[in-house]
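Enquirer: Starting off with a structure, shown below.
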Amino acid sequence: MTIEHHPPDSMLAAYAGGSLDPGQHVAIATHLAACASCRRFARSMEQVGGAVLTAIEPSAMASDALSRIQGRLDEMTAGPASDLLVAAPAVPEGEIPGLPGFVRRFRFGPWQWVAPSVHVRRIVLPHESPTRVFLLRSGPGTEMLPHAHTGFELTCVLAGAFRQGDNRYAPGDFDLGDEHVDHRPIVDVERDCICLVAMQGELRLKGILGRIVQPFVHL
Amino acid sequence: MSLGREDPIAGSDWSKAIAAIAANGDRSAFAALFGHFAPRIKAYMLRAGASPSSAEELAQEALLMVWRKAALFDPASTSPAGWIFTIARNLRIDALRRERRAGIGESCDAEFEIDDSPPPDAQVAAVFSEARVRAALTGLSPEQMRVVELSFFEDRPHAEIANVLGIPLGTVKSRLRLAMGRLRTLLGDLS
C-alpha cells in the first residue's frame with residue numbers, strides 16, 4: 001500500500017516532542033502504525049529530544065531522591081520488566097485493522113448509528129483530552145453530508161477508502177481538516193470505510209438533509 | 001545550551017548501564033543513570049509547565065520506568081538519551097493532563113511507544129544513531145534550534161515564542177519552516 005497523505009512535519013515533531021494532547025497523539029500514532037517513512041522522521045525527532053535532554057540545564061532533584069527511588073526498587077518483588085502490566089486488547093486485530101496495540105487496550109463504546117450508513121464507536125481515552133477520538137464506519141458508496149468544522153478533525157483511514165475532491169484516502173492515509181475546509185467525502189463502493197477520527201470542536205452539517213439530521217448527530 | 005558538545009560520559013556507557021540493569025538489576029548502574037538523567041528530565045518537565053513538585057515526581061516515575069523497561073531498550077534502533085526522552089515524553093502526555101486511574105495506569109507508558117520492530121537494514125538503523133542526529137543538528141542555526149525546542153518540546157504558541165525571543169511573529173514562523181525543512185532533509189529521507 002502506498003500512503004499518499006501524511007501529517008505535516010510540524011505535527012510529527014510535536015508528537016515526538018510530547019506537545020500534542022492525548023487525542024491528537026492517538027491519531028498520529030495510528031498513522032505511524034502504518035507509515036514507515038513518518039515513523040523514521042518521528043523517531044529522528046525523538047533523537048532530537050534526546051539531544052535536548054542531554055544538553056538541558058539540569059534542575060537539581062531533592063537530596064533524598066535517590067534513596068527514595070532505591071526504596072521503591074526494594075519494594076518491587078520482581079526484577080526489571082517482569083511486572084509490567086498490560087491489559088488484554090478490547091478490540092482484536094482482526095476486528096479493526098491498523099489500530100496501534102495501545103489503542104486496542106483502551107475502552108471502546110458500542111457502535112452507534114449516526115446517519116444513514118454511518119456508525120461511530122467512541123474510544124475512551126484514559127486521560128482527559130480536549131480532543132475526542134472515535135471510529136467512524138461508513139457503508140460502501142456513502143456520500144457524507146456536506147459539513148464543516150468549528151475546530152479541527154484528524155482522520156486516519158484503517159480500512160476501505162474515500163474520495164474528497166481530487167484526493168483518494170486509503171488505509172494509512174492521514175487527513176487534517178480544519179475550519180477552512182468544506183468536506184464532502186464519498187466512500188468507495190467496494191466495501192465499508194473505517195477511520196479513526198480525532199476531533200475538537202463540532203461538526204456543522206450543511207444543506208437541507210444536514211439540518212434535519214444535525215440534532216441527532218453528536219460526535 | 002550547546003547541543004554540539006559531546007557529553008562527558010559517552011552514550012555507549014549509558015547503553016552499558018541500561019544493559020546492566022536489565023541483566024542483573026545493577027543498582028549502581030541505575031544510580032549513575034539516575035544522577036545524570038533525573039535532573040534533566042525534571043528540567044524538561046518544568047519547561048513543559050509542570051510544578052516543581054510534579055516535575056520532581058515525574059522525573060522519579062520516568063527513572064522507575066527506565067528500570068522496569070531496561071530489557072526492552074534496543075541500542076540498534078535508538079540511543080539511550082532518545083529512549084529515555086521518549087519515556088519522559090510519554091509520562092508528560094500521560095500525567096500533565098491526567099485523571100488518576102488505578103491499576104492499568106502504570107502500563108500507559110508502554111502504550112504510547114511506536115510499535116515497531118527494529119529495522120533490519122543497517123542504513124536505516126544509522127538514522128537513529130545519536131551521532132547522526134548531532135551532526136544533523138549542527139546544520140541548524142542556534143536560532144532555529146531554539147524555536148524548534150520552544151514549539152515542539154515546550155509547546156509554546158508562536159506568539160509566545162515571539163515574545164520570549166523578542167522577534168516578530170513572522171520570523172518565528174519562517175524560522176520554524178526553515179528548521180523543519182532542514183531537519184526533514186537531514187534526518188527524514190533515506191530513499
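Letters for chains follow the order of the C-alpha cells (A, B, ...), residue numbers begin at 1 for each chain, and ligand numbers begin at 1 in the order shown.
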Which residues of region 131-172 of chain A come within 7 Å of region 25-39 of chain A, and what is each one's closest atom pair and distance in Å (one decimal), counting only C-alpha atoms, sorted by chain and residue number, as a Markdown table?

Expert:
```
| residue | atom | partner | partner_atom | distance |
| --- | --- | --- | --- | --- |
| A:Leu154 | CA | A:Ala27 | CA | 6.6 |
| A:Cys156 | CA | A:His31 | CA | 6.2 |
| A:Gly172 | CA | A:Ala34 | CA | 5.2 |
```

Enquirer: Applying 8 Å and only C-alpha atoms, which residues near Val172 (chain B) remain after dropping the ones on its own chain fewer than 3 positions away? List them as a PyMOL selection string.

Expert: chain B and resi 147+158+161-162+167-169+175-176

Enquirer: Please write the residues from the selection above to a file, keeping all heavy atoms, as an mmCIF file, in the first residue's frame.

Expert:
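Here's the written file selection_21.cif:
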```cif
data_model
loop_
_atom_site.group_PDB
_atom_site.id
_atom_site.type_symbol
_atom_site.label_atom_id
_atom_site.label_comp_id
_atom_site.auth_asym_id
_atom_site.auth_seq_id
_atom_site.Cartn_x
_atom_site.Cartn_y
_atom_site.Cartn_z
ATOM 1 N N VAL B 147 13.777 27.825 18.323
ATOM 2 C CA VAL B 147 12.337 27.830 18.035
ATOM 3 C C VAL B 147 11.789 26.404 17.964
ATOM 4 O O VAL B 147 10.641 26.151 18.353
ATOM 5 C CB VAL B 147 11.963 28.638 16.763
ATOM 6 C CG1 VAL B 147 12.220 30.118 16.968
ATOM 7 C CG2 VAL B 147 12.624 28.119 15.525
ATOM 8 N N HIS B 158 3.137 30.288 18.937
ATOM 9 C CA HIS B 158 4.080 31.124 18.202
ATOM 10 C C HIS B 158 4.177 32.543 18.766
ATOM 11 O O HIS B 158 5.261 33.123 18.825
ATOM 12 C CB HIS B 158 3.677 31.191 16.719
ATOM 13 C CG HIS B 158 3.813 29.876 16.018
ATOM 14 N ND1 HIS B 158 3.414 29.668 14.718
ATOM 15 C CD2 HIS B 158 4.289 28.692 16.443
ATOM 16 C CE1 HIS B 158 3.661 28.425 14.372
ATOM 17 N NE2 HIS B 158 4.187 27.802 15.397
ATOM 18 N N ILE B 161 6.407 32.520 21.689
ATOM 19 C CA ILE B 161 7.810 32.372 21.297
ATOM 20 C C ILE B 161 8.351 33.718 20.817
ATOM 21 O O ILE B 161 9.489 34.105 21.138
ATOM 22 C CB ILE B 161 7.963 31.303 20.183
ATOM 23 C CG1 ILE B 161 7.524 29.934 20.699
ATOM 24 C CG2 ILE B 161 9.407 31.253 19.698
ATOM 25 C CD1 ILE B 161 7.489 28.854 19.634
ATOM 26 N N ALA B 162 7.540 34.427 20.032
ATOM 27 C CA ALA B 162 7.950 35.744 19.522
ATOM 28 C C ALA B 162 8.285 36.669 20.683
ATOM 29 O O ALA B 162 9.292 37.378 20.675
ATOM 30 C CB ALA B 162 6.840 36.330 18.658
ATOM 31 N N ILE B 167 11.341 38.650 18.930
ATOM 32 C CA ILE B 167 11.381 38.740 17.465
ATOM 33 C C ILE B 167 9.953 38.796 16.933
ATOM 34 O O ILE B 167 9.014 38.428 17.626
ATOM 35 C CB ILE B 167 12.118 37.525 16.843
ATOM 36 C CG1 ILE B 167 11.456 36.211 17.288
ATOM 37 C CG2 ILE B 167 13.597 37.545 17.223
ATOM 38 C CD1 ILE B 167 12.096 34.975 16.701
ATOM 39 N N PRO B 168 9.775 39.263 15.696
ATOM 40 C CA PRO B 168 8.428 39.319 15.131
ATOM 41 C C PRO B 168 7.836 37.921 14.938
ATOM 42 O O PRO B 168 8.562 36.945 14.745
ATOM 43 C CB PRO B 168 8.631 40.002 13.768
ATOM 44 C CG PRO B 168 9.987 40.606 13.798
ATOM 45 C CD PRO B 168 10.790 39.832 14.778
ATOM 46 N N LEU B 169 6.497 37.851 14.974
ATOM 47 C CA LEU B 169 5.791 36.589 14.796
ATOM 48 C C LEU B 169 6.154 35.929 13.466
ATOM 49 O O LEU B 169 6.360 34.721 13.389
ATOM 50 C CB LEU B 169 4.279 36.844 14.859
ATOM 51 C CG LEU B 169 3.358 35.636 14.767
ATOM 52 C CD1 LEU B 169 3.617 34.676 15.918
ATOM 53 C CD2 LEU B 169 1.899 36.077 14.780
ATOM 54 N N ARG B 175 11.344 30.853 10.687
ATOM 55 C CA ARG B 175 12.442 30.051 11.260
ATOM 56 C C ARG B 175 12.010 28.602 11.456
ATOM 57 O O ARG B 175 12.780 27.672 11.198
ATOM 58 C CB ARG B 175 12.869 30.621 12.610
ATOM 59 C CG ARG B 175 14.032 31.553 12.489
ATOM 60 C CD ARG B 175 14.553 32.006 13.821
ATOM 61 N NE ARG B 175 15.095 33.343 13.679
ATOM 62 C CZ ARG B 175 15.470 34.113 14.691
ATOM 63 N NH1 ARG B 175 15.333 33.687 15.935
ATOM 64 N NH2 ARG B 175 15.954 35.314 14.459
ATOM 65 N N LEU B 176 10.788 28.400 11.929
ATOM 66 C CA LEU B 176 10.289 27.038 12.127
ATOM 67 C C LEU B 176 10.192 26.300 10.803
ATOM 68 O O LEU B 176 10.565 25.134 10.688
ATOM 69 C CB LEU B 176 8.911 27.058 12.792
ATOM 70 C CG LEU B 176 8.919 27.075 14.311
ATOM 71 C CD1 LEU B 176 7.516 27.284 14.840
ATOM 72 C CD2 LEU B 176 9.503 25.779 14.861
#
```

Enquirer: Determine which residues of chain A receive a DSSP assignment of strand (DSSP E), computed from the backbone, and state them as JSON, numbers by chain.

Expert: {"A": [107, 108, 109, 110, 111, 112, 113, 114, 115, 118, 119, 120, 121, 122, 123, 124, 132, 133, 134, 135, 136, 137, 138, 147, 148, 149, 152, 153, 154, 155, 156, 157, 158, 159, 162, 163, 164, 167, 168, 169, 174, 175, 176, 177, 186, 187, 193, 194, 195, 196, 197, 198, 199, 200, 203, 204, 205]}

Enquirer: List the spatial neighbours of region 48-57 of chain A as a list in words - criterion: any atom at most 8 Å away, only C-alpha atoms, same-chain residues fewer than 6 positions off excluded.

Expert: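 The filter keeps Ala16 and Gly17 of chain A; Met1, Ser2, Leu3, Asp7, Phe37, Arg40, Ile41, Ala43, Tyr44, Ser79, Pro80, Ala81, Gly82, Trp83, Ile84, Phe85, Thr86, Glu130, Val133, Arg134, Leu137, Glu149 and Phe153 of chain B.
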
Enquirer: Find the residues near Glu56 (chain B): any atom within 12 Å, counting only C-alpha atoms, skip ones fewer than 6 places away on the same chain, and give them as a PDB file with all heavy atoms, in the first residue's frame.

Expert:
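The new file result-v1.pdb reads:
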```
ATOM      1  N   PRO A  58      20.342  21.092  33.927  1.00  0.00           N
ATOM      2  CA  PRO A  58      19.626  20.204  34.867  1.00  0.00           C
ATOM      3  C   PRO A  58      19.002  20.985  36.013  1.00  0.00           C
ATOM      4  O   PRO A  58      19.493  22.041  36.398  1.00  0.00           O
ATOM      5  CB  PRO A  58      20.729  19.279  35.401  1.00  0.00           C
ATOM      6  CG  PRO A  58      21.958  19.570  34.623  1.00  0.00           C
ATOM      7  CD  PRO A  58      21.793  20.880  33.947  1.00  0.00           C
ATOM      8  N   SER A  59      17.935  20.450  36.553  1.00  0.00           N
ATOM      9  CA  SER A  59      17.275  21.028  37.705  1.00  0.00           C
ATOM     10  C   SER A  59      17.423  20.038  38.853  1.00  0.00           C
ATOM     11  O   SER A  59      16.937  18.911  38.776  1.00  0.00           O
ATOM     12  CB  SER A  59      15.800  21.266  37.370  1.00  0.00           C
ATOM     13  OG  SER A  59      15.144  21.790  38.486  1.00  0.00           O
ATOM     14  N   ALA A  60      18.111  20.461  39.909  1.00  0.00           N
ATOM     15  CA  ALA A  60      18.505  19.514  40.954  1.00  0.00           C
ATOM     16  C   ALA A  60      17.305  18.817  41.567  1.00  0.00           C
ATOM     17  O   ALA A  60      16.270  19.428  41.862  1.00  0.00           O
ATOM     18  CB  ALA A  60      19.302  20.249  42.029  1.00  0.00           C
ATOM     19  N   MET A  61      17.460  17.511  41.773  1.00  0.00           N
ATOM     20  CA  MET A  61      16.441  16.735  42.467  1.00  0.00           C
ATOM     21  C   MET A  61      16.619  16.947  43.979  1.00  0.00           C
ATOM     22  O   MET A  61      17.656  17.422  44.441  1.00  0.00           O
ATOM     23  CB  MET A  61      16.612  15.242  42.134  1.00  0.00           C
ATOM     24  CG  MET A  61      16.459  14.900  40.661  1.00  0.00           C
ATOM     25  SD  MET A  61      14.752  14.967  40.076  1.00  0.00           S
ATOM     26  CE  MET A  61      14.095  13.435  40.779  1.00  0.00           C
ATOM     27  N   ALA A  62      15.595  16.559  44.741  1.00  0.00           N
ATOM     28  CA  ALA A  62      15.689  16.632  46.195  1.00  0.00           C
ATOM     29  C   ALA A  62      16.855  15.773  46.676  1.00  0.00           C
ATOM     30  O   ALA A  62      17.239  14.799  46.017  1.00  0.00           O
ATOM     31  CB  ALA A  62      14.380  16.142  46.817  1.00  0.00           C
ATOM     32  N   SER A  63      17.409  16.134  47.822  1.00  0.00           N
ATOM     33  CA  SER A  63      18.623  15.448  48.284  1.00  0.00           C
ATOM     34  C   SER A  63      18.385  13.970  48.582  1.00  0.00           C
ATOM     35  O   SER A  63      19.300  13.157  48.474  1.00  0.00           O
ATOM     36  CB  SER A  63      19.187  16.153  49.523  1.00  0.00           C
ATOM     37  OG  SER A  63      18.159  16.271  50.499  1.00  0.00           O
ATOM     38  N   ASP A  64      17.154  13.606  48.902  1.00  0.00           N
ATOM     39  CA  ASP A  64      16.879  12.195  49.210  1.00  0.00           C
ATOM     40  C   ASP A  64      16.253  11.457  48.031  1.00  0.00           C
ATOM     41  O   ASP A  64      15.732  10.346  48.186  1.00  0.00           O
ATOM     42  CB  ASP A  64      15.964  12.090  50.430  1.00  0.00           C
ATOM     43  CG  ASP A  64      14.589  12.692  50.166  1.00  0.00           C
ATOM     44  OD1 ASP A  64      14.444  13.453  49.185  1.00  0.00           O
ATOM     45  OD2 ASP A  64      13.659  12.393  50.938  1.00  0.00           O
ATOM     46  N   ALA A  65      16.283  12.077  46.854  1.00  0.00           N
ATOM     47  CA  ALA A  65      15.581  11.491  45.698  1.00  0.00           C
ATOM     48  C   ALA A  65      16.092  10.089  45.374  1.00  0.00           C
ATOM     49  O   ALA A  65      15.315   9.170  45.142  1.00  0.00           O
ATOM     50  CB  ALA A  65      15.717  12.403  44.479  1.00  0.00           C
ATOM     51  N   LEU A  66      17.414   9.936  45.361  1.00  0.00           N
ATOM     52  CA  LEU A  66      17.968   8.630  45.009  1.00  0.00           C
ATOM     53  C   LEU A  66      17.599   7.578  46.053  1.00  0.00           C
ATOM     54  O   LEU A  66      17.190   6.467  45.702  1.00  0.00           O
ATOM     55  CB  LEU A  66      19.497   8.708  44.834  1.00  0.00           C
ATOM     56  CG  LEU A  66      20.178   7.386  44.461  1.00  0.00           C
ATOM     57  CD1 LEU A  66      19.628   6.843  43.139  1.00  0.00           C
ATOM     58  CD2 LEU A  66      21.693   7.570  44.349  1.00  0.00           C
ATOM     59  N   ARG A  68      15.076   7.561  47.967  1.00  0.00           N
ATOM     60  CA  ARG A  68      13.643   7.243  47.884  1.00  0.00           C
ATOM     61  C   ARG A  68      13.352   6.275  46.754  1.00  0.00           C
ATOM     62  O   ARG A  68      12.591   5.320  46.908  1.00  0.00           O
ATOM     63  CB  ARG A  68      12.826   8.527  47.704  1.00  0.00           C
ATOM     64  CG  ARG A  68      12.487   9.161  49.044  1.00  0.00           C
ATOM     65  CD  ARG A  68      11.587  10.390  48.987  1.00  0.00           C
ATOM     66  NE  ARG A  68      10.860  10.583  47.770  1.00  0.00           N
ATOM     67  CZ  ARG A  68      10.933  11.686  47.012  1.00  0.00           C
ATOM     68  NH1 ARG A  68      11.753  12.660  47.350  1.00  0.00           N
ATOM     69  NH2 ARG A  68      10.209  11.790  45.925  1.00  0.00           N
ATOM     70  N   ILE A  69      13.988   6.496  45.620  1.00  0.00           N
ATOM     71  CA  ILE A  69      13.698   5.602  44.500  1.00  0.00           C
ATOM     72  C   ILE A  69      14.318   4.233  44.732  1.00  0.00           C
ATOM     73  O   ILE A  69      13.742   3.202  44.364  1.00  0.00           O
ATOM     74  CB  ILE A  69      14.110   6.219  43.144  1.00  0.00           C
ATOM     75  CG1 ILE A  69      13.333   5.539  42.002  1.00  0.00           C
ATOM     76  CG2 ILE A  69      15.607   6.141  42.899  1.00  0.00           C
ATOM     77  CD1 ILE A  69      13.501   6.197  40.653  1.00  0.00           C
TER      78      ILE A  69
ATOM     79  N   PHE B  37      20.269  11.573  34.479  1.00  0.00           N
ATOM     80  CA  PHE B  37      19.044  11.862  33.732  1.00  0.00           C
ATOM     81  C   PHE B  37      17.911  12.464  34.567  1.00  0.00           C
ATOM     82  O   PHE B  37      17.104  13.229  34.027  1.00  0.00           O
ATOM     83  CB  PHE B  37      18.546  10.593  33.017  1.00  0.00           C
ATOM     84  CG  PHE B  37      19.349  10.267  31.782  1.00  0.00           C
ATOM     85  CD1 PHE B  37      20.303   9.265  31.799  1.00  0.00           C
ATOM     86  CD2 PHE B  37      19.152  10.990  30.605  1.00  0.00           C
ATOM     87  CE1 PHE B  37      21.052   8.977  30.653  1.00  0.00           C
ATOM     88  CE2 PHE B  37      19.891  10.702  29.458  1.00  0.00           C
ATOM     89  CZ  PHE B  37      20.843   9.703  29.485  1.00  0.00           C
ATOM     90  N   ALA B  38      17.814  12.113  35.831  1.00  0.00           N
ATOM     91  CA  ALA B  38      16.677  12.620  36.602  1.00  0.00           C
ATOM     92  C   ALA B  38      16.633  14.155  36.644  1.00  0.00           C
ATOM     93  O   ALA B  38      15.572  14.748  36.392  1.00  0.00           O
ATOM     94  CB  ALA B  38      16.670  12.029  38.018  1.00  0.00           C
ATOM     95  N   PRO B  39      17.758  14.827  36.918  1.00  0.00           N
ATOM     96  CA  PRO B  39      17.692  16.293  36.939  1.00  0.00           C
ATOM     97  C   PRO B  39      17.363  16.886  35.569  1.00  0.00           C
ATOM     98  O   PRO B  39      16.774  17.966  35.476  1.00  0.00           O
ATOM     99  CB  PRO B  39      19.109  16.716  37.380  1.00  0.00           C
ATOM    100  CG  PRO B  39      19.725  15.495  37.973  1.00  0.00           C
ATOM    101  CD  PRO B  39      19.097  14.332  37.282  1.00  0.00           C
ATOM    102  N   ARG B  40      17.736  16.188  34.518  1.00  0.00           N
ATOM    103  CA  ARG B  40      17.446  16.692  33.171  1.00  0.00           C
ATOM    104  C   ARG B  40      15.988  16.470  32.794  1.00  0.00           C
ATOM    105  O   ARG B  40      15.352  17.321  32.170  1.00  0.00           O
ATOM    106  CB  ARG B  40      18.383  16.017  32.153  1.00  0.00           C
ATOM    107  CG  ARG B  40      19.798  16.557  32.267  1.00  0.00           C
ATOM    108  CD  ARG B  40      20.827  15.746  31.512  1.00  0.00           C
ATOM    109  NE  ARG B  40      22.106  16.455  31.475  1.00  0.00           N
ATOM    110  CZ  ARG B  40      22.976  16.484  32.485  1.00  0.00           C
ATOM    111  NH1 ARG B  40      22.712  15.831  33.596  1.00  0.00           N
ATOM    112  NH2 ARG B  40      24.100  17.177  32.365  1.00  0.00           N
ATOM    113  N   ILE B  41      15.448  15.319  33.224  1.00  0.00           N
ATOM    114  CA  ILE B  41      14.027  15.090  32.993  1.00  0.00           C
ATOM    115  C   ILE B  41      13.203  16.094  33.808  1.00  0.00           C
ATOM    116  O   ILE B  41      12.200  16.636  33.331  1.00  0.00           O
ATOM    117  CB  ILE B  41      13.641  13.636  33.344  1.00  0.00           C
ATOM    118  CG1 ILE B  41      14.328  12.681  32.370  1.00  0.00           C
ATOM    119  CG2 ILE B  41      12.129  13.448  33.309  1.00  0.00           C
ATOM    120  CD1 ILE B  41      14.174  11.211  32.753  1.00  0.00           C
ATOM    121  N   LYS B  42      13.656  16.365  35.020  1.00  0.00           N
ATOM    122  CA  LYS B  42      12.954  17.356  35.843  1.00  0.00           C
ATOM    123  C   LYS B  42      12.935  18.706  35.137  1.00  0.00           C
ATOM    124  O   LYS B  42      11.896  19.378  35.079  1.00  0.00           O
ATOM    125  CB  LYS B  42      13.621  17.475  37.212  1.00  0.00           C
ATOM    126  CG  LYS B  42      12.923  18.483  38.129  1.00  0.00           C
ATOM    127  CD  LYS B  42      13.513  18.473  39.532  1.00  0.00           C
ATOM    128  CE  LYS B  42      12.828  19.548  40.380  1.00  0.00           C
ATOM    129  NZ  LYS B  42      13.367  19.557  41.761  1.00  0.00           N
ATOM    130  N   ALA B  43      14.085  19.085  34.563  1.00  0.00           N
ATOM    131  CA  ALA B  43      14.158  20.367  33.852  1.00  0.00           C
ATOM    132  C   ALA B  43      13.207  20.378  32.655  1.00  0.00           C
ATOM    133  O   ALA B  43      12.529  21.377  32.385  1.00  0.00           O
ATOM    134  CB  ALA B  43      15.596  20.635  33.401  1.00  0.00           C
ATOM    135  N   TYR B  44      13.150  19.264  31.939  1.00  0.00           N
ATOM    136  CA  TYR B  44      12.238  19.149  30.789  1.00  0.00           C
ATOM    137  C   TYR B  44      10.793  19.316  31.234  1.00  0.00           C
ATOM    138  O   TYR B  44      10.009  20.033  30.607  1.00  0.00           O
ATOM    139  CB  TYR B  44      12.472  17.804  30.095  1.00  0.00           C
ATOM    140  CG  TYR B  44      11.385  17.368  29.119  1.00  0.00           C
ATOM    141  CD1 TYR B  44      11.143  18.067  27.935  1.00  0.00           C
ATOM    142  CD2 TYR B  44      10.612  16.236  29.379  1.00  0.00           C
ATOM    143  CE1 TYR B  44      10.150  17.650  27.044  1.00  0.00           C
ATOM    144  CE2 TYR B  44       9.635  15.813  28.492  1.00  0.00           C
ATOM    145  CZ  TYR B  44       9.405  16.517  27.329  1.00  0.00           C
ATOM    146  OH  TYR B  44       8.425  16.105  26.449  1.00  0.00           O
ATOM    147  N   MET B  45      10.418  18.674  32.316  1.00  0.00           N
ATOM    148  CA  MET B  45       9.050  18.764  32.810  1.00  0.00           C
ATOM    149  C   MET B  45       8.717  20.187  33.260  1.00  0.00           C
ATOM    150  O   MET B  45       7.612  20.681  33.016  1.00  0.00           O
ATOM    151  CB  MET B  45       8.826  17.784  33.969  1.00  0.00           C
ATOM    152  CG  MET B  45       8.957  16.316  33.590  1.00  0.00           C
ATOM    153  SD  MET B  45       7.712  15.803  32.337  1.00  0.00           S
ATOM    154  CE  MET B  45       8.143  14.048  32.212  1.00  0.00           C
ATOM    155  N   LEU B  46       9.689  20.852  33.894  1.00  0.00           N
ATOM    156  CA  LEU B  46       9.453  22.236  34.304  1.00  0.00           C
ATOM    157  C   LEU B  46       9.184  23.096  33.076  1.00  0.00           C
ATOM    158  O   LEU B  46       8.268  23.918  33.063  1.00  0.00           O
ATOM    159  CB  LEU B  46      10.664  22.778  35.077  1.00  0.00           C
ATOM    160  CG  LEU B  46      10.836  22.257  36.509  1.00  0.00           C
ATOM    161  CD1 LEU B  46      12.205  22.651  37.070  1.00  0.00           C
ATOM    162  CD2 LEU B  46       9.726  22.795  37.418  1.00  0.00           C
ATOM    163  N   ALA B  50       5.163  21.826  34.215  1.00  0.00           N
ATOM    164  CA  ALA B  50       4.871  21.143  35.481  1.00  0.00           C
ATOM    165  C   ALA B  50       5.277  22.028  36.663  1.00  0.00           C
ATOM    166  O   ALA B  50       6.188  22.841  36.555  1.00  0.00           O
ATOM    167  CB  ALA B  50       5.628  19.814  35.544  1.00  0.00           C
ATOM    168  N   ALA B  62       9.799   8.520  35.727  1.00  0.00           N
ATOM    169  CA  ALA B  62      10.488   8.197  34.478  1.00  0.00           C
ATOM    170  C   ALA B  62      11.636   7.239  34.726  1.00  0.00           C
ATOM    171  O   ALA B  62      11.819   6.254  33.995  1.00  0.00           O
ATOM    172  CB  ALA B  62      10.997   9.475  33.807  1.00  0.00           C
ATOM    173  N   LEU B  63      12.418   7.503  35.758  1.00  0.00           N
ATOM    174  CA  LEU B  63      13.551   6.610  36.041  1.00  0.00           C
ATOM    175  C   LEU B  63      13.084   5.241  36.516  1.00  0.00           C
ATOM    176  O   LEU B  63      13.693   4.215  36.205  1.00  0.00           O
ATOM    177  CB  LEU B  63      14.512   7.243  37.052  1.00  0.00           C
ATOM    178  CG  LEU B  63      15.681   8.036  36.476  1.00  0.00           C
ATOM    179  CD1 LEU B  63      16.599   7.120  35.630  1.00  0.00           C
ATOM    180  CD2 LEU B  63      15.226   9.195  35.612  1.00  0.00           C
ATOM    181  N   ALA B  88      10.138   9.819  29.136  1.00  0.00           N
ATOM    182  CA  ALA B  88       9.741  11.043  29.833  1.00  0.00           C
ATOM    183  C   ALA B  88       8.592  11.723  29.087  1.00  0.00           C
ATOM    184  O   ALA B  88       7.627  12.201  29.688  1.00  0.00           O
ATOM    185  CB  ALA B  88      10.935  11.993  29.952  1.00  0.00           C
TER     186      ALA B  88
END
```
